[in-house]
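A.B. asks: Structure file work.tsv (TSV, C-alpha atoms and all ligand atoms) right here:
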chain	number	residue	atom	x	y	z
A	21	MET	CA	122.43	-13.85	0.39
A	22	VAL	CA	119.39	-12.63	2.36
A	23	LYS	CA	120.38	-9.07	1.46
A	24	THR	CA	120.45	-9.92	-2.27
A	25	TRP	CA	117.09	-11.68	-2.03
A	26	LEU	CA	115.59	-8.74	-0.15
A	27	LYS	CA	117.00	-6.34	-2.74
A	28	SER	CA	115.32	-8.25	-5.59
A	29	VAL	CA	111.98	-8.26	-3.74
A	30	VAL	CA	112.22	-4.50	-3.14
A	31	GLU	CA	113.15	-3.92	-6.80
A	32	PHE	CA	110.24	-6.07	-7.92
A	33	LEU	CA	107.80	-4.15	-5.73
A	34	PHE	CA	109.39	-0.75	-6.35
A	35	PRO	CA	111.22	-0.89	-9.68
A	36	PRO	CA	113.97	1.77	-9.98
A	37	ALA	CA	112.60	4.94	-11.53
A	38	CYS	CA	114.14	8.33	-12.31
A	39	PRO	CA	113.43	10.47	-9.22
A	40	LEU	CA	112.58	13.48	-11.37
A	41	CYS	CA	110.27	12.06	-14.07
A	42	GLY	CA	109.52	8.44	-13.10
A	43	THR	CA	111.04	6.83	-16.23
A	44	PRO	CA	112.36	3.32	-15.43
A	45	VAL	CA	116.14	3.26	-14.81
A	46	SER	CA	118.53	0.47	-13.85
A	47	VAL	CA	119.65	1.78	-10.44
A	48	HIS	CA	117.56	3.27	-7.61
A	49	GLY	CA	118.04	7.03	-7.26
A	50	GLU	CA	119.75	7.60	-10.63
A	51	LEU	CA	118.47	9.98	-13.28
A	52	CYS	CA	117.20	8.86	-16.70
A	53	ALA	CA	119.25	9.97	-19.71
A	54	ASP	CA	116.82	12.77	-20.62
A	55	CYS	CA	116.85	14.30	-17.13
A	56	TRP	CA	120.63	13.91	-16.90
A	57	THR	CA	121.18	15.86	-20.11
A	58	SER	CA	118.78	18.64	-19.03
A	59	PHE	CA	121.36	19.80	-16.44
A	60	ASN	CA	124.18	22.14	-17.37
A	61	TRP	CA	127.02	20.11	-15.82
A	62	ILE	CA	130.32	21.91	-15.24
A	63	ASP	CA	132.51	19.42	-17.08
A	64	GLY	CA	134.77	21.67	-19.18
A	65	ALA	CA	137.37	24.36	-18.45
A	66	LYS	CA	136.91	26.17	-15.15
A	67	CYS	CA	138.66	28.46	-12.70
A	68	ILE	CA	141.17	26.34	-10.76
A	69	ARG	CA	140.19	28.09	-7.52
A	70	CYS	CA	136.40	28.59	-7.48
A	71	GLY	CA	135.35	26.25	-10.31
A	72	TYR	CA	133.63	29.02	-12.31
A	73	PRO	CA	133.04	27.58	-15.80
A	74	PHE	CA	134.90	29.22	-18.70
A	75	MET	CA	133.44	29.56	-22.17
A	76	VAL	CA	136.82	28.92	-23.78
A	77	ASP	CA	139.33	26.22	-22.95
A	78	MET	CA	142.04	27.57	-20.62
A	79	ASP	CA	144.44	25.43	-18.60
A	80	ASN	CA	145.28	26.35	-14.99
A	81	ALA	CA	143.57	29.73	-15.22
A	82	MET	CA	141.75	31.74	-12.56
A	83	CYS	CA	138.63	33.84	-13.02
A	84	SER	CA	138.90	37.61	-12.46
A	85	VAL	CA	137.39	37.35	-8.95
A	86	CYS	CA	139.93	34.75	-7.80
A	87	ALA	CA	142.82	36.50	-9.60
A	88	ALA	CA	141.92	39.59	-7.50
A	89	GLY	CA	142.18	37.42	-4.34
A	90	LYS	CA	138.45	37.62	-3.64
A	91	CYS	CA	137.51	33.93	-3.71
A	92	GLU	CA	135.13	33.13	-0.83
A	93	LEU	CA	136.96	29.89	0.08
A	94	ASP	CA	140.33	28.21	-0.52
A	95	TRP	CA	138.68	26.29	-3.36
A	96	ILE	CA	135.10	25.64	-4.44
A	97	ARG	CA	133.57	23.10	-6.81
A	98	SER	CA	129.99	22.78	-8.04
A	99	SER	CA	128.53	20.07	-10.21
A	100	CYS	CA	126.23	22.20	-12.36
A	101	VAL	CA	125.00	25.69	-13.19
A	102	TYR	CA	121.99	27.13	-11.34
A	103	ASP	CA	119.35	27.35	-14.09
A	104	ASP	CA	115.77	26.18	-14.73
A	105	ALA	CA	116.70	22.48	-14.63
A	106	SER	CA	118.66	22.64	-11.38
A	107	ARG	CA	116.09	24.97	-9.80
A	108	MET	CA	113.30	22.49	-10.64
A	109	ALA	CA	115.24	19.83	-8.74
A	110	MET	CA	116.47	22.04	-5.90
A	111	LEU	CA	113.16	23.56	-4.84
A	112	PRO	CA	111.30	20.29	-4.12
A	113	PHE	CA	114.47	18.87	-2.55
A	114	LYS	CA	114.74	21.83	-0.22
A	115	HIS	CA	111.12	22.69	0.49
A	116	SER	CA	108.86	19.72	-0.36
A	117	GLY	CA	110.56	16.77	1.25
A	118	ARG	CA	112.00	15.22	-1.94
A	119	ILE	CA	114.96	13.93	0.01
A	120	SER	CA	115.49	11.04	-2.41
A	121	TYR	CA	117.10	13.60	-4.76
A	122	ALA	CA	120.09	13.63	-2.40
A	123	TYR	CA	121.35	10.45	-4.08
A	124	PHE	CA	121.96	11.86	-7.57
A	125	MET	CA	122.88	15.32	-6.25
A	126	SER	CA	125.58	14.03	-3.90
A	127	ARG	CA	126.92	11.68	-6.61
A	128	ALA	CA	127.23	14.67	-8.95
A	129	MET	CA	129.03	16.62	-6.21
A	130	ILE	CA	131.52	13.79	-5.64
A	131	TRP	CA	132.12	13.84	-9.41
A	132	ALA	CA	132.68	17.64	-9.19
A	133	LEU	CA	135.62	16.96	-6.84
A	134	ARG	CA	137.36	14.65	-9.35
A	135	ASP	CA	140.23	17.07	-10.14
A	136	ILE	CA	140.83	18.02	-6.50
A	137	ASP	CA	143.40	16.58	-4.10
A	138	VAL	CA	141.13	15.88	-1.12
A	139	SER	CA	143.83	14.23	1.02
A	140	ASP	CA	144.34	17.26	3.30
A	141	ILE	CA	140.65	17.59	4.28
A	142	ASP	CA	140.04	16.73	7.95
A	143	PHE	CA	136.25	16.61	7.93
A	144	VAL	CA	133.08	17.57	6.09
A	145	MET	CA	130.66	20.18	7.44
A	146	PRO	CA	127.18	20.88	6.00
A	147	VAL	CA	126.35	24.61	6.07
A	148	PRO	CA	124.25	24.83	9.27
A	149	LEU	CA	120.56	25.63	9.20
A	150	ALA	CA	118.95	27.80	11.89
A	151	ARG	CA	117.04	25.71	14.47
A	152	ARG	CA	113.79	27.48	13.60
A	153	ARG	CA	114.14	26.46	9.94
A	154	LEU	CA	115.20	22.95	10.90
A	155	PHE	CA	112.07	22.65	13.04
A	156	HIS	CA	109.80	23.66	10.13
A	157	ARG	CA	111.64	21.75	7.39
A	158	ALA	CA	112.51	18.70	9.52
A	159	TYR	CA	115.84	18.27	7.74
A	160	ASN	CA	118.88	20.21	6.65
A	161	GLN	CA	119.28	19.60	2.92
A	162	ALA	CA	123.02	20.30	3.19
A	163	THR	CA	123.40	17.47	5.72
A	164	LEU	CA	121.62	15.05	3.37
A	165	LEU	CA	124.19	15.93	0.70
A	166	ALA	CA	127.18	16.02	3.06
A	167	ARG	CA	126.62	12.55	4.53
A	168	PRO	CA	127.22	10.51	1.32
A	169	ILE	CA	130.07	12.85	0.32
A	170	ALA	CA	131.82	12.29	3.67
A	171	ARG	CA	131.29	8.55	3.28
A	172	ALA	CA	132.72	8.55	-0.26
A	173	LEU	CA	135.79	10.52	0.88
A	174	GLY	CA	136.22	8.39	4.02
A	175	LEU	CA	135.87	11.45	6.27
A	176	LYS	CA	133.78	12.21	9.32
A	177	LEU	CA	130.91	14.64	9.34
A	178	ASP	CA	130.66	17.56	11.75
A	179	TYR	CA	127.21	19.10	12.01
A	180	ASP	CA	127.18	20.44	15.53
A	181	SER	CA	130.33	22.51	16.04
A	182	VAL	CA	128.76	25.62	14.48
A	183	ARG	CA	125.35	27.13	15.14
A	184	ARG	CA	123.36	29.44	12.87
A	185	LYS	CA	120.97	32.13	14.06
A	186	TYR	CA	117.67	32.63	12.30
A	187	ARG	CA	117.50	35.45	9.74
A	188	ARG	CA	114.84	36.19	7.14
A	189	ASP	CA	115.16	34.63	3.70
A	190	MET	CA	117.83	36.05	1.39
A	191	GLY	CA	116.09	35.15	-1.86
A	192	HIS	CA	115.15	38.68	-2.89
A	193	LEU	CA	118.28	40.48	-1.64
A	194	ASN	CA	121.14	41.74	-3.79
A	195	SER	CA	124.68	40.57	-3.07
A	196	HIS	CA	125.52	43.56	-0.83
A	197	GLN	CA	122.33	43.06	1.22
A	198	ARG	CA	123.04	39.30	1.44
A	199	ALA	CA	126.48	39.97	2.89
A	200	GLN	CA	124.97	42.34	5.47
A	201	ASN	CA	122.13	39.95	6.31
A	202	ILE	CA	124.44	36.99	6.89
A	203	HIS	CA	127.01	38.85	8.98
A	204	GLY	CA	127.19	37.41	12.51
A	205	VAL	CA	124.76	34.49	11.99
A	206	PHE	CA	127.31	31.75	12.63
A	207	SER	CA	128.92	31.00	15.97
A	208	VAL	CA	131.44	28.28	16.75
A	209	LEU	CA	130.28	26.14	19.68
A	210	CYS	CA	133.27	23.78	19.79
A	211	PRO	CA	136.46	25.65	18.76
A	212	GLU	CA	138.55	22.63	19.78
A	213	ASN	CA	136.96	20.73	16.85
A	214	ILE	CA	137.87	23.51	14.41
A	215	ARG	CA	141.38	24.59	15.45
A	216	GLY	CA	144.10	23.58	12.99
A	217	LYS	CA	141.64	21.77	10.68
A	218	ASN	CA	141.00	21.84	6.93
A	219	ILE	CA	137.23	21.76	6.45
A	220	LEU	CA	135.08	20.93	3.42
A	221	LEU	CA	131.77	22.84	3.55
A	222	VAL	CA	128.76	21.38	1.73
A	223	ASP	CA	125.71	23.29	0.53
A	224	ASP	CA	123.05	22.82	-2.13
A	225	VAL	CA	123.62	26.06	-4.04
A	226	MET	CA	126.09	28.93	-4.17
A	227	THR	CA	124.47	32.21	-5.17
A	228	SER	CA	126.44	35.31	-4.12
A	229	GLY	CA	128.92	33.30	-2.02
A	230	ALA	CA	128.04	35.43	1.04
A	231	THR	CA	127.14	32.40	3.19
A	232	PHE	CA	130.43	30.62	2.44
A	233	SER	CA	132.39	33.80	2.95
A	234	GLU	CA	130.85	34.49	6.37
A	235	LEU	CA	131.17	30.88	7.52
A	236	ARG	CA	134.81	30.85	6.46
A	237	ARG	CA	135.46	34.08	8.38
A	238	VAL	CA	134.06	32.53	11.56
A	239	LEU	CA	135.90	29.22	11.09
A	240	ILE	CA	139.24	30.91	10.39
A	241	LYS	CA	138.74	33.09	13.47
A	242	ALA	CA	138.22	29.88	15.46
A	243	GLY	CA	141.56	28.57	14.15
A	244	ALA	CA	140.66	26.59	11.00
A	245	LYS	CA	143.56	26.35	8.53
A	246	LYS	CA	141.75	25.97	5.20
A	247	VAL	CA	138.07	26.08	4.28
A	248	TYR	CA	136.88	24.48	1.03
A	249	GLY	CA	133.40	24.11	-0.44
A	250	VAL	CA	131.31	21.96	-2.74
A	251	THR	CA	127.76	22.67	-3.90
A	252	PHE	CA	125.31	20.94	-6.21
A	253	CYS	CA	124.86	24.05	-8.33
A	254	ARG	CA	126.11	27.62	-8.52
A	255	VAL	CA	124.97	30.86	-10.04
A	256	VAL	CA	126.93	31.71	-13.19
A	257	HIS	CA	126.53	35.23	-14.50
A	258	SER	CA	126.23	35.54	-18.26
A	259	THR	CA	129.01	37.75	-19.59
B	301	ZN	ZN	113.99	11.48	-15.73
B	302	ZN	ZN	137.47	31.77	-9.64
Mind turning this structure into structure tokens?
Ligand SMILES: [Zn+2]
Ligand SMILES: [Zn+2]
C.D. replies:
Amino acid sequence: MVKTWLKSVVEFLFPPACPLCGTPVSVHGELCADCWTSFNWIDGAKCIRCGYPFMVDMDNAMCSVCAAGKCELDWIRSSCVYDDASRMAMLPFKHSGRISYAYFMSRAMIWALRDIDVSDIDFVMPVPLARRRLFHRAYNQATLLARPIARALGLKLDYDSVRRKYRRDMGHLNSHQRAQNIHGVFSVLCPENIRGKNILLVDDVMTSGATFSELRRVLIKAGAKKVYGVTFCRVVHST
């Protein structure tokens, strides 16, 4: 009763508005229709392993990378394509403290898992951030996304079993350089938490897949059984 009353007062003082453009909406944290449609959501045919969107409708098909056995993880899903719209949301979320975006981003990521059997996942792990970056940024954007996802799946969150060393930014590197730059950055602090587990990794974006690939290598070495991943957006190369 008090909670409902308090909620109406808060909504009166701070009416729900689209976090991206400020247009009034009915629920706090949700996007307006215009902003929602500006994203390139991955809602059609896709690779059953890595979630890469296909241009034509194909059932139970794998992309050429996964068919060659080169998928970075045991499966990956992303809610939308990395393009101007997702970049305009991701950059302030990551670098300018727009943490309120985590609400719609994590909801979209839960939606991206709709065709996945999640019953064998033991826990959710945000891709770790180096302490130096965490100190400057004050938050790990992957943890902000992982928390509501873990809650929705009824799973616990593990954000301290793996540590990441600081390396310079990978933004300008090609995929080969990214793989070299990321090699050896992760170390497992608590192997007993990892051994025999199926882990769902959470990150904001998948670009070359080098981060996931390296983290999986380290987790498997520590005894993890399966390593899955979900991101808000992913790079899709035009063919
Ligand atoms: Zn909007
Ligand atoms: Zn694939």
A.B. asks: For each of A:Cys67, A:Val208, A:Val255, A:Leu220, take the minimum atom-to-atom distance to A:Ser139, counting all atoms listed in the file, then give the residue where this is smallest.
C.D. replies: A:Leu220
A.B. asks: Per residue of chain A within 8 Å of ligand ZN 301 (chain B), record the nearest atom pair and its distance in Å to one decimal, counting all atoms listed in the file, with rows in chain order and ascending residue number, as JSON lines.
C.D. replies:
{"residue": "A:Ala37", "atom": "CA", "partner": "B:ZN301", "partner_atom": "ZN", "distance": 7.9}
{"residue": "A:Cys38", "atom": "CA", "partner": "B:ZN301", "partner_atom": "ZN", "distance": 4.7}
{"residue": "A:Pro39", "atom": "CA", "partner": "B:ZN301", "partner_atom": "ZN", "distance": 6.6}
{"residue": "A:Leu40", "atom": "CA", "partner": "B:ZN301", "partner_atom": "ZN", "distance": 5.0}
{"residue": "A:Cys41", "atom": "CA", "partner": "B:ZN301", "partner_atom": "ZN", "distance": 4.1}
{"residue": "A:Gly42", "atom": "CA", "partner": "B:ZN301", "partner_atom": "ZN", "distance": 6.0}
{"residue": "A:Thr43", "atom": "CA", "partner": "B:ZN301", "partner_atom": "ZN", "distance": 5.5}
{"residue": "A:Leu51", "atom": "CA", "partner": "B:ZN301", "partner_atom": "ZN", "distance": 5.3}
{"residue": "A:Cys52", "atom": "CA", "partner": "B:ZN301", "partner_atom": "ZN", "distance": 4.3}
{"residue": "A:Ala53", "atom": "CA", "partner": "B:ZN301", "partner_atom": "ZN", "distance": 6.8}
{"residue": "A:Asp54", "atom": "CA", "partner": "B:ZN301", "partner_atom": "ZN", "distance": 5.8}
{"residue": "A:Cys55", "atom": "CA", "partner": "B:ZN301", "partner_atom": "ZN", "distance": 4.3}
{"residue": "A:Trp56", "atom": "CA", "partner": "B:ZN301", "partner_atom": "ZN", "distance": 7.2}
A.B. asks: Which residues sit within 6 Å of ligand ZN 302 (chain B), counting all atoms listed in the file, listed as a PyMOL selection string?
C.D. replies: chain A and resi 67+69-72+82-83+85-86
A.B. asks: Please determine, counting all atoms listed in the file, which residue among A:Leu235, A:Val222, A:Val144, A:Ala158 has the shortest atom-to-atom distance to A:Arg171.
C.D. replies: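 Smallest distance to A:Arg171 is found for A:Val144.
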A.B. asks: Rank A:Arg153, A:Lys217, A:Lys176, A:Arg134 by their smallest atom-to-atom distance to A:Val250, using all atoms listed in the file, and report the top residue only.
C.D. replies: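 Nearest to A:Val250: A:Arg134.
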A.B. asks: Which is closer to A:Asn80 than all the others in A:Leu133, A:Val147, A:Ala65, A:Ala242, using only C-alpha atoms?
C.D. replies: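 Checking each of A:Leu133, A:Val147, A:Ala65, A:Ala242 against A:Asn80, counting only C-alpha atoms, the winner is A:Ala65.
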A.B. asks: In file coordinates, which residues lie within 10 Å of (136.5, 28.5, 12.8) using all atoms listed in the file, given as a tab-separated table (two decimals) with C-alpha atoms, in the coordinates of the input?
C.D. replies:
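File part10.tsv, as written:
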chain	number	residue	atom	x	y	z
A	181	SER	CA	130.33	22.51	16.04
A	182	VAL	CA	128.76	25.62	14.48
A	206	PHE	CA	127.31	31.75	12.63
A	207	SER	CA	128.92	31.00	15.97
A	208	VAL	CA	131.44	28.28	16.75
A	209	LEU	CA	130.28	26.14	19.68
A	210	CYS	CA	133.27	23.78	19.79
A	211	PRO	CA	136.46	25.65	18.76
A	212	GLU	CA	138.55	22.63	19.78
A	213	ASN	CA	136.96	20.73	16.85
A	214	ILE	CA	137.87	23.51	14.41
A	215	ARG	CA	141.38	24.59	15.45
A	216	GLY	CA	144.10	23.58	12.99
A	217	LYS	CA	141.64	21.77	10.68
A	218	ASN	CA	141.00	21.84	6.93
A	219	ILE	CA	137.23	21.76	6.45
A	235	LEU	CA	131.17	30.88	7.52
A	236	ARG	CA	134.81	30.85	6.46
A	237	ARG	CA	135.46	34.08	8.38
A	238	VAL	CA	134.06	32.53	11.56
A	239	LEU	CA	135.90	29.22	11.09
A	240	ILE	CA	139.24	30.91	10.39
A	241	LYS	CA	138.74	33.09	13.47
A	242	ALA	CA	138.22	29.88	15.46
A	243	GLY	CA	141.56	28.57	14.15
A	244	ALA	CA	140.66	26.59	11.00
A	245	LYS	CA	143.56	26.35	8.53
A	246	LYS	CA	141.75	25.97	5.20
A	247	VAL	CA	138.07	26.08	4.28
A.B. asks: Any chance you could work out the axis-aligned box around stretch 39-55 of chain A, listed atoms only, 6 Å on each side, giving centre and edge lengths in Å to one decimal, as JSON?
C.D. replies:
{"center_x": 114.6, "center_y": 7.4, "center_z": -13.9, "size_x": 22.2, "size_y": 25.8, "size_z": 25.4}
